[in-house]
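Structure file upload.cif with mmCIF, C-alpha atoms and all ligand atoms:
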data_model
loop_
_atom_site.label_atom_id
_atom_site.label_comp_id
_atom_site.auth_asym_id
_atom_site.auth_seq_id
_atom_site.Cartn_x
_atom_site.Cartn_y
_atom_site.Cartn_z
CA MET Y 8 19.76 -12.83 0.59
CA ALA Y 9 17.27 -10.46 2.14
CA VAL Y 10 14.39 -11.95 4.06
CA ASP Y 11 10.87 -10.71 3.72
CA PRO Y 12 10.36 -7.97 6.28
CA TYR Y 13 6.67 -8.30 6.91
CA PRO Y 14 5.93 -9.85 10.30
CA VAL Y 15 3.93 -13.04 10.53
CA ASP Y 16 1.42 -11.17 12.65
CA PRO Y 17 0.94 -7.68 11.19
CA ILE Y 18 0.08 -4.74 13.41
CA ASN Y 19 -3.55 -3.66 13.45
CA PRO Y 20 -3.32 0.16 13.16
CA PHE Y 21 -6.69 0.47 14.86
CA ASP Y 22 -5.18 -1.02 18.03
CA LEU Y 23 -2.76 1.96 18.22
CA LYS Y 24 -4.69 4.41 20.34
CA SER Y 25 -4.62 8.21 20.24
CA GLU Y 26 -4.26 8.31 24.03
CA ASN Y 27 -0.96 6.49 23.57
CA GLY Y 28 0.30 9.17 21.22
CA TYR Y 29 -0.60 7.67 17.85
CA THR Y 30 -1.93 9.78 15.00
CA TRP Y 31 -2.87 9.27 11.34
CA LEU Y 32 -0.65 10.79 8.69
CA LYS Y 33 -1.67 11.04 5.02
CA GLY Y 34 0.96 10.66 2.33
CA ASN Y 35 1.88 9.88 -1.24
CA LEU Y 36 4.98 7.78 -1.75
CA HIS Y 37 5.37 7.77 -5.53
CA THR Y 38 5.86 10.96 -7.57
CA HIS Y 39 8.07 12.15 -10.40
CA THR Y 40 9.65 15.52 -11.06
CA SER Y 41 11.64 17.20 -13.83
CA ASN Y 42 14.66 15.25 -12.51
CA SER Y 43 13.20 12.33 -14.48
CA ASP Y 44 10.07 12.40 -16.64
CA GLY Y 45 7.85 14.52 -14.39
CA ARG Y 46 6.55 17.80 -15.79
CA ILE Y 47 7.24 20.04 -12.80
CA SER Y 48 10.21 20.78 -10.59
CA PRO Y 49 10.82 18.99 -7.29
CA GLN Y 50 9.91 22.16 -5.39
CA GLU Y 51 6.64 22.57 -7.30
CA ARG Y 52 5.78 18.93 -6.56
CA VAL Y 53 6.49 19.40 -2.86
CA ASP Y 54 4.51 22.64 -2.71
CA GLY Y 55 1.58 21.00 -4.50
CA TYR Y 56 1.24 18.14 -2.03
CA ALA Y 57 1.86 20.43 0.96
CA GLY Y 58 -0.90 22.68 -0.32
CA GLN Y 59 -3.29 19.73 -0.37
CA GLY Y 60 -2.63 18.99 3.30
CA TYR Y 61 -0.46 15.89 2.86
CA ASP Y 62 1.71 14.95 5.83
CA PHE Y 63 4.39 12.97 3.97
CA LEU Y 64 5.68 12.71 0.42
CA CYS Y 65 8.33 10.84 -1.52
CA LEU Y 66 9.87 12.24 -4.72
CA SER Y 67 10.59 8.89 -6.39
CA ASP Y 68 12.20 9.83 -9.67
CA HIS Y 69 13.23 7.10 -12.10
CA ARG Y 70 16.70 5.65 -11.42
CA ILE Y 71 18.12 8.67 -9.53
CA ILE Y 72 17.47 10.00 -6.05
CA THR Y 73 16.11 13.52 -5.84
CA PRO Y 74 17.70 14.52 -2.51
CA VAL Y 75 15.24 15.75 0.09
CA ASP Y 76 17.65 18.53 1.01
CA SER Y 77 17.45 19.89 -2.55
CA VAL Y 78 13.98 21.27 -1.81
CA THR Y 79 12.42 23.34 0.94
CA SER Y 80 9.96 21.25 2.88
CA PRO Y 81 7.01 23.28 4.15
CA SER Y 82 6.40 22.80 7.84
CA GLY Y 83 4.21 19.81 8.53
CA LEU Y 84 5.36 17.85 5.48
CA THR Y 85 7.80 14.97 6.02
CA LEU Y 86 9.89 14.20 2.95
CA ILE Y 87 10.94 10.57 2.53
CA GLN Y 88 13.95 10.19 0.27
CA GLY Y 89 13.32 7.61 -2.42
CA VAL Y 90 13.66 6.48 -6.00
CA GLU Y 91 11.97 4.20 -8.54
CA LEU Y 92 14.35 1.47 -9.69
CA HIS Y 93 14.18 -0.57 -12.87
CA PRO Y 94 16.32 -3.68 -12.84
CA GLU Y 95 16.18 -6.02 -15.78
CA ASN Y 96 13.84 -8.96 -15.51
CA PRO Y 97 15.67 -12.23 -16.04
CA PHE Y 98 12.46 -14.19 -15.62
CA GLY Y 99 10.84 -13.17 -18.90
CA GLY Y 100 8.53 -10.25 -18.07
CA GLN Y 101 9.23 -6.59 -18.72
CA ASN Y 102 11.73 -4.62 -16.61
CA HIS Y 103 10.83 -4.38 -12.95
CA HIS Y 104 9.42 -1.25 -11.31
CA PHE Y 105 10.43 -1.11 -7.65
CA LEU Y 106 9.66 1.79 -5.32
CA ALA Y 107 12.52 2.34 -2.85
CA LEU Y 108 11.90 4.42 0.29
CA ASN Y 109 14.34 5.80 2.83
CA VAL Y 110 17.42 5.29 0.67
CA GLU Y 111 20.64 7.25 1.03
CA GLN Y 112 22.65 6.20 -2.02
CA ASP Y 113 21.79 5.65 -5.66
CA VAL Y 114 21.68 2.07 -6.91
CA ASP Y 115 22.70 1.50 -10.53
CA SER Y 116 19.67 -0.73 -10.95
CA GLY Y 117 19.63 -1.00 -14.74
CA LYS Y 118 22.78 -3.10 -14.72
CA MET Y 119 21.90 -5.30 -11.76
CA PRO Y 120 19.77 -8.40 -11.32
CA PRO Y 121 16.57 -7.60 -9.42
CA GLN Y 122 17.58 -9.52 -6.29
CA HIS Y 123 20.83 -7.55 -6.07
CA VAL Y 124 18.84 -4.30 -6.32
CA ILE Y 125 16.53 -5.40 -3.50
CA ASP Y 126 19.53 -6.40 -1.39
CA ALA Y 127 21.32 -3.08 -2.11
CA VAL Y 128 18.28 -1.13 -0.89
CA ARG Y 129 17.85 -3.29 2.18
CA GLU Y 130 21.57 -3.02 3.01
CA GLN Y 131 21.12 0.74 3.37
CA GLU Y 132 18.07 0.04 5.55
CA GLY Y 133 15.70 1.20 2.86
CA SER Y 134 12.31 -0.26 2.09
CA ILE Y 135 11.53 -1.59 -1.37
CA TRP Y 136 8.08 -2.22 -2.84
CA LEU Y 137 6.57 -3.80 -5.92
CA ALA Y 138 5.13 -0.93 -7.97
CA HIS Y 139 1.93 -1.17 -10.06
CA PRO Y 140 2.15 -4.89 -11.03
CA TYR Y 141 -1.08 -4.83 -13.06
CA TRP Y 142 0.15 -1.99 -15.29
CA SER Y 143 3.56 -3.67 -15.68
CA SER Y 144 1.94 -6.98 -16.74
CA VAL Y 145 3.71 -8.66 -13.83
CA ASN Y 146 3.09 -12.36 -13.53
CA ILE Y 147 3.65 -12.97 -9.82
CA LEU Y 148 4.64 -16.62 -10.27
CA ARG Y 149 7.14 -15.81 -13.02
CA ASP Y 150 8.48 -12.37 -12.06
CA THR Y 151 8.04 -11.85 -8.30
CA LEU Y 152 8.09 -15.22 -6.60
CA PRO Y 153 11.83 -15.75 -7.26
CA LEU Y 154 12.58 -12.51 -5.33
CA HIS Y 155 12.94 -11.98 -1.58
CA GLY Y 156 12.97 -8.85 0.52
CA LEU Y 157 10.20 -6.81 -1.05
CA ALA Y 158 8.12 -5.05 1.62
CA GLY Y 159 4.77 -5.05 -0.13
CA VAL Y 160 2.85 -3.88 -3.16
CA GLU Y 161 1.13 -0.84 -4.62
CA VAL Y 162 -2.52 -1.88 -4.63
CA PHE Y 163 -3.52 1.36 -6.36
CA ASN Y 164 -1.63 3.72 -8.66
CA THR Y 165 -3.34 6.82 -10.10
CA THR Y 166 -1.22 7.13 -13.22
CA CYS Y 167 -1.85 3.47 -14.01
CA ARG Y 168 -5.58 4.03 -13.45
CA CYS Y 169 -5.37 6.70 -16.16
CA ALA Y 170 -4.08 3.87 -18.38
CA GLY Y 171 -6.91 1.54 -17.33
CA ARG Y 172 -4.83 -0.63 -14.97
CA GLY Y 173 -4.87 1.18 -11.66
CA GLU Y 174 -5.76 -1.54 -9.15
CA SER Y 175 -3.48 -4.49 -8.48
CA SER Y 176 -5.47 -6.25 -5.75
CA VAL Y 177 -5.56 -9.57 -7.58
CA HIS Y 178 -1.76 -9.54 -7.91
CA TRP Y 179 -1.57 -8.77 -4.18
CA ASP Y 180 -3.79 -11.74 -3.27
CA ASP Y 181 -1.98 -13.98 -5.71
CA TRP Y 182 1.39 -13.08 -4.16
CA MET Y 183 0.14 -13.77 -0.61
CA ALA Y 184 -1.42 -17.06 -1.69
CA MET Y 185 1.75 -18.27 -3.38
CA THR Y 186 4.19 -17.22 -0.63
CA ASP Y 187 1.88 -17.91 2.32
CA ARG Y 188 3.02 -14.53 3.67
CA LEU Y 189 1.05 -11.37 4.35
CA TYR Y 190 2.18 -8.24 2.53
CA PRO Y 191 1.08 -4.67 3.24
CA ALA Y 192 -0.03 -2.34 0.46
CA LEU Y 193 0.24 1.30 -0.61
CA ALA Y 194 -2.01 3.56 -2.66
CA VAL Y 195 0.00 6.13 -4.62
CA ASP Y 196 -0.37 8.71 -7.37
CA ASP Y 197 2.85 8.09 -9.36
CA ALA Y 198 2.26 11.72 -10.41
CA HIS Y 199 4.06 12.89 -13.56
CA ARG Y 200 1.90 15.74 -14.79
CA HIS Y 201 1.21 19.18 -13.48
CA GLU Y 202 -1.51 19.05 -10.89
CA ASP Y 203 -3.76 21.26 -13.01
CA ASP Y 204 -3.25 19.27 -16.19
CA PRO Y 205 -6.80 19.01 -17.53
CA ASP Y 206 -6.58 15.86 -19.63
CA ARG Y 207 -4.80 13.47 -17.34
CA ARG Y 208 -5.19 14.18 -13.69
CA ASP Y 209 -2.67 12.04 -11.88
CA THR Y 210 -2.36 13.89 -8.59
CA TYR Y 211 -4.21 13.66 -5.26
CA TRP Y 212 -6.23 10.51 -6.09
CA GLY Y 213 -4.37 7.77 -4.20
CA TRP Y 214 -2.80 7.99 -0.76
CA THR Y 215 -1.66 5.90 2.19
CA MET Y 216 -2.63 6.58 5.79
CA ALA Y 217 0.07 5.64 8.31
CA ARG Y 218 -0.49 5.25 12.07
CA VAL Y 219 2.56 6.69 13.85
CA LYS Y 220 3.77 8.26 17.05
CA ASP Y 221 6.13 10.70 15.37
CA THR Y 222 6.55 12.15 11.91
CA SER Y 223 10.08 10.98 11.12
CA PRO Y 224 10.65 9.21 7.78
CA GLN Y 225 11.77 6.08 9.64
CA SER Y 226 8.64 5.95 11.77
CA ILE Y 227 6.43 6.34 8.71
CA VAL Y 228 8.25 3.63 6.73
CA ASP Y 229 8.21 1.34 9.77
CA ALA Y 230 4.44 1.79 10.00
CA LEU Y 231 4.01 1.01 6.30
CA GLU Y 232 6.12 -2.17 6.55
CA SER Y 233 4.47 -3.40 9.75
CA GLY Y 234 0.95 -3.06 8.41
CA ALA Y 235 0.02 -0.06 10.59
CA ALA Y 236 -1.50 1.75 7.63
CA TYR Y 237 -4.24 1.59 5.00
CA SER Y 238 -4.63 2.67 1.40
CA SER Y 239 -7.35 4.92 0.00
CA THR Y 240 -8.71 6.89 -2.92
CA GLY Y 241 -11.46 8.42 -0.77
CA PRO Y 242 -13.05 6.44 2.09
CA GLU Y 243 -11.73 6.53 5.64
CA ILE Y 244 -11.41 3.33 7.64
CA HIS Y 245 -12.27 4.05 11.28
CA ASP Y 246 -11.90 0.69 12.96
CA ILE Y 247 -11.44 -3.01 12.29
CA ARG Y 248 -12.11 -5.48 15.14
CA LEU Y 249 -11.55 -9.20 14.96
CA ARG Y 250 -12.68 -11.74 17.55
CA ARG Y 251 -12.99 -15.49 17.67
CA VAL Y 252 -16.50 -16.79 18.29
CA ASP Y 253 -18.16 -20.13 18.83
CA ASP Y 254 -20.41 -21.45 16.13
CA GLY Y 255 -21.22 -24.88 17.42
CA GLY Y 256 -19.76 -27.34 14.96
CA GLU Y 257 -16.90 -25.06 13.97
CA LYS Y 258 -16.17 -24.14 17.58
CA ASP Y 259 -13.27 -21.76 18.04
CA ARG Y 260 -12.55 -21.58 14.35
CA LEU Y 261 -14.87 -18.76 13.29
CA VAL Y 262 -13.65 -15.17 13.30
CA GLU Y 263 -16.08 -12.28 13.41
CA ALA Y 264 -14.87 -9.04 11.83
CA THR Y 265 -16.44 -5.63 12.41
CA VAL Y 266 -15.43 -2.87 10.00
CA ARG Y 267 -16.35 0.78 10.58
CA SER Y 268 -15.71 3.36 7.89
CA SER Y 269 -16.94 6.55 6.34
CA GLU Y 270 -20.13 6.16 4.30
CA ALA Y 271 -19.99 3.01 2.17
CA GLN Y 272 -22.12 1.34 -0.49
CA CYS Y 273 -20.18 -1.92 -0.17
CA ILE Y 274 -17.57 -3.46 2.13
CA SER Y 275 -15.85 -6.69 1.15
CA ALA Y 276 -13.89 -9.13 3.27
CA VAL Y 277 -11.33 -10.75 1.00
CA CYS Y 278 -9.83 -13.95 2.45
CA ASP Y 279 -7.13 -16.37 1.33
CA ALA Y 280 -9.91 -18.41 -0.18
CA PHE Y 281 -13.31 -16.90 -0.97
CA GLY Y 282 -14.60 -13.76 0.74
CA ILE Y 283 -17.84 -12.00 1.61
CA GLU Y 284 -19.48 -8.84 0.35
CA TYR Y 285 -21.70 -6.74 2.58
CA ARG Y 286 -24.33 -4.35 1.16
CA GLU Y 287 -27.55 -2.79 2.37
CA PRO Y 288 -29.55 -2.47 -0.85
CA GLY Y 289 -30.72 1.04 -1.59
CA ARG Y 290 -28.81 2.71 1.21
CA SER Y 291 -25.33 3.46 2.43
CA PHE Y 292 -23.92 2.41 5.81
CA GLU Y 293 -20.88 2.82 8.06
CA THR Y 294 -20.56 -0.56 9.80
CA ALA Y 295 -20.31 -4.07 8.40
CA VAL Y 296 -20.06 -7.29 10.44
CA PHE Y 297 -18.72 -10.46 8.84
CA ASN Y 298 -18.52 -14.06 9.95
CA LEU Y 299 -15.40 -15.08 8.13
CA ARG Y 300 -15.14 -18.54 6.69
CA PRO Y 301 -13.96 -21.11 9.27
CA ASN Y 302 -10.30 -21.85 8.79
CA ALA Y 303 -9.69 -18.75 6.69
CA ARG Y 304 -6.05 -17.83 7.33
CA TRP Y 305 -6.14 -14.14 6.53
CA ALA Y 306 -8.55 -11.40 5.59
CA ARG Y 307 -8.30 -7.90 4.20
CA PHE Y 308 -11.12 -5.43 3.72
CA GLU Y 309 -12.16 -3.16 0.85
CA ILE Y 310 -14.52 -0.23 1.32
CA VAL Y 311 -16.40 1.27 -1.63
CA ALA Y 312 -17.92 4.71 -1.05
CA PRO Y 313 -21.23 5.78 -2.66
CA ASP Y 314 -19.18 7.64 -5.31
CA GLY Y 315 -17.27 4.46 -6.20
CA LEU Y 316 -13.97 5.49 -4.60
CA LYS Y 317 -12.23 2.77 -2.60
CA ALA Y 318 -10.07 2.04 0.42
CA TRP Y 319 -8.06 -1.11 1.17
CA SER Y 320 -7.04 -2.34 4.63
CA ASN Y 321 -3.89 -4.34 5.05
CA PRO Y 322 -4.30 -8.08 5.63
CA PHE Y 323 -4.91 -9.52 9.09
CA ASP Y 324 -3.58 -12.87 10.29
CA LEU Y 325 -6.71 -14.68 11.45
CA THR Y 326 -4.82 -17.61 12.95
CA SER Y 327 -3.59 -15.41 15.80
CA VAL Y 328 -6.97 -13.87 16.72
CA GLU Y 329 -7.75 -14.52 20.37
CA ARG Y 330 -11.10 -15.31 21.84
CA ALA Y 331 -12.87 -12.16 23.02
ZN ZN Y 401 6.79 2.63 -12.67
ZN ZN Y 402 6.69 5.91 -11.26
#
So, in terms of structure tokens, how does the structure I just supplied come out?
Ligand SMILES: [Zn+2]
Ligand SMILES: [Zn+2]
Amino acid sequence: MAVDPYPVDPINPFDLKSENGYTWLKGNLHTHTSNSDGRISPQERVDGYAGQGYDFLCLSDHRIITPVDSVTSPSGLTLIQGVELHPENPFGGQNHHFLALNVEQDVDSGKMPPQHVIDAVREQEGSIWLAHPYWSSVNILRDTLPLHGLAGVEVFNTTCRCAGRGESSVHWDDWMAMTDRLYPALAVDDAHRHEDDPDRRDTYWGWTMARVKDTSPQSIVDALESGAAYSSTGPEIHDIRLRRVDDGGEKDRLVEATVRSSEAQCISAVCDAFGIEYREPGRSFETAVFNLRPNARWARFEIVAPDGLKAWSNPFDLTSVERA
């Protein structure tokens, strides 16, 4: 059985410095084309995202791989070969939606138990993610906890937002609480429509920023799985610093977090239990400092821009934070 790939101590992407060759890449990992139920051809989908300045893209059609060599990739756009898989759900919920990245061979997922599908993707060194659990009415305890080897979760999905269930952050927290593991997240579009479709815009609203040294599909997927990334529908996260501080009675147990971002109306620190919201009433700001609850095991951060758009950091393991 596959083991969960996420490291106990995730990588802080803001520790990966530009002077050491790291750069941010922007990408969307979940799209559909006319090879499944998308409205436009694979080439039109690729050209659309390239035209918007994306650095990486996955054509993740339902059940069947759309080969990356079946389209012309404009220079500067890395195509990650992938697929959305739908194994049956033996645990009682509706069929699973898994996003598989960096896969070479099709998996006949509809006839396989979900764990076998995860294992088949991992055996070809692919990466497999829980797609839009809120939209799919996933119950983490019932449907996800029996499974092993998933890399992480879509915290935001544009198409599901169009259906009123775009953000799955509570499922994410629930999963981490029940497994006592930290999972990274993705924000994706799950685009089906034409980009100019006036009544249901499902393109260019959700993306993932990956911190990498090179633009190969493997490097990008490695960054996503290791936590060296963040998810966004608008705001940029510029830095997240954690340090252990004394607070007298709770000596050595308090962690101070400093979050710097593009203009924000609210930044939240979400911990394994409780959390803290930071606001400056009547004005926007770009830096928030938190004293996280003593003995909190992990924290992730959400940034809300003045226009309401959001970004989500990956979780940080607070138990490994060193004294400054
Ligand atoms: Zn789906
Ligand atoms: Zn989809």
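Neighbouring residues of Val124 of chain Y at 9 Å or closer, counting all atoms listed in the file and skipping chain neighbours under 5 positions away, are Leu92, His93, Pro94, Val114, Asp115, Ser116, Met119 and Arg129 of chain Y.
Put simply, atom CA of His178 of chain Y is 15.0 Å away from atom CA of Glu309 of chain Y.
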Expected selection as a PyMOL selection string for ligand ZN 401 (chain Y) within 12 Å, only C-alpha atoms and all ligand atoms = chain Y and resi 37-39+43-44+67-70+90-94+101-107+136-145+161+164-167+173+195-199
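Using all atoms listed in the file, the smallest distance between any of Y:Asn321, Y:Thr186, Y:Gln131, Y:Thr294 and Leu231 of chain Y comes from Y:Asn321.
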Find the residues around Met183 of chain Y up to 12 Å (all atoms listed in the file counted), leave out those fewer than 4 positions away in its own chain, and share them as a PyMOL selection string.
-> chain Y and resi 11+13+15+147-148+151-152+159-160+176-179+187-192+277-280+304-307+321-324
Separating atom CA of Ser327 of chain Y from atom CA of Arg260 of chain Y, to the nearest tenth of an Å, is a gap of 11.0 Å
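Taking only C-alpha atoms and all ligand atoms into account, ligand ZN 402 (chain Y) lies nearest to Y:Asp209 out of the set Y:Arg218, Y:Gln59, Y:Asp76, Y:Asp209.
By only C-alpha atoms, and with residues fewer than 2 positions from Lys24 of chain Y along its chain excluded, the set lying at most 12 Å from it is Asn19, Pro20, Phe21, Asp22, Glu26, Asn27, Gly28, Tyr29, Thr30, Trp31, Arg218, Val219, Lys220, Ala235, His245 and Asp246 of chain Y.
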Hey, what's within 9 Å of Leu261 of chain Y if we count only C-alpha atoms and toss same-chain stuff fewer than 6 positions away? As an MDAnalysis selection string, please?
-> chainID Y and resid 250:254 298:303
Contact residues around Asp54 of chain Y with all atoms listed in the file at 9 Å, ignoring same-chain residues under 6 positions, as a PyMOL selection string | chain Y and resi 79-81
Could you rebuild segment 65-81 of chain Y with N, CA and C atoms and give me the result as a compact mmCIF listing (two decimals), in the coordinates of the input?
# COMPACT_ATOMS: atom_id res chain seq x y z
N CYS Y 65 7.06 11.33 -0.98
CA CYS Y 65 8.33 10.84 -1.52
C CYS Y 65 8.44 11.27 -2.98
N LEU Y 66 9.54 11.94 -3.33
CA LEU Y 66 9.87 12.24 -4.72
C LEU Y 66 10.65 11.04 -5.25
N SER Y 67 9.98 10.18 -6.00
CA SER Y 67 10.59 8.89 -6.39
C SER Y 67 10.90 8.91 -7.88
N ASP Y 68 11.87 9.74 -8.25
CA ASP Y 68 12.20 9.83 -9.67
C ASP Y 68 12.79 8.52 -10.17
N HIS Y 69 12.69 8.31 -11.49
CA HIS Y 69 13.23 7.10 -12.10
C HIS Y 69 14.76 7.08 -11.98
N ARG Y 70 15.27 6.01 -11.39
CA ARG Y 70 16.70 5.65 -11.42
C ARG Y 70 17.63 6.55 -10.61
N ILE Y 71 17.20 7.76 -10.23
CA ILE Y 71 18.12 8.67 -9.53
C ILE Y 71 17.38 9.34 -8.37
N ILE Y 72 18.06 9.37 -7.24
CA ILE Y 72 17.47 10.00 -6.05
C ILE Y 72 17.40 11.51 -6.24
N THR Y 73 16.23 12.07 -5.98
CA THR Y 73 16.11 13.52 -5.84
C THR Y 73 16.28 13.81 -4.35
N PRO Y 74 17.43 14.39 -3.95
CA PRO Y 74 17.70 14.52 -2.51
C PRO Y 74 16.64 15.40 -1.81
N VAL Y 75 16.26 14.97 -0.63
CA VAL Y 75 15.24 15.75 0.09
C VAL Y 75 15.78 17.12 0.49
N ASP Y 76 17.12 17.21 0.63
CA ASP Y 76 17.65 18.53 1.01
C ASP Y 76 17.85 19.45 -0.20
N SER Y 77 17.41 19.01 -1.39
CA SER Y 77 17.45 19.89 -2.55
C SER Y 77 16.18 20.73 -2.67
N VAL Y 78 15.22 20.49 -1.80
CA VAL Y 78 13.98 21.27 -1.81
C VAL Y 78 13.71 21.80 -0.41
N THR Y 79 12.86 22.81 -0.35
CA THR Y 79 12.42 23.34 0.94
C THR Y 79 11.12 22.64 1.31
N SER Y 80 11.15 21.97 2.46
CA SER Y 80 9.96 21.25 2.88
C SER Y 80 9.10 22.17 3.75
N PRO Y 81 7.88 22.45 3.31
CA PRO Y 81 7.01 23.28 4.15
C PRO Y 81 6.79 22.60 5.50
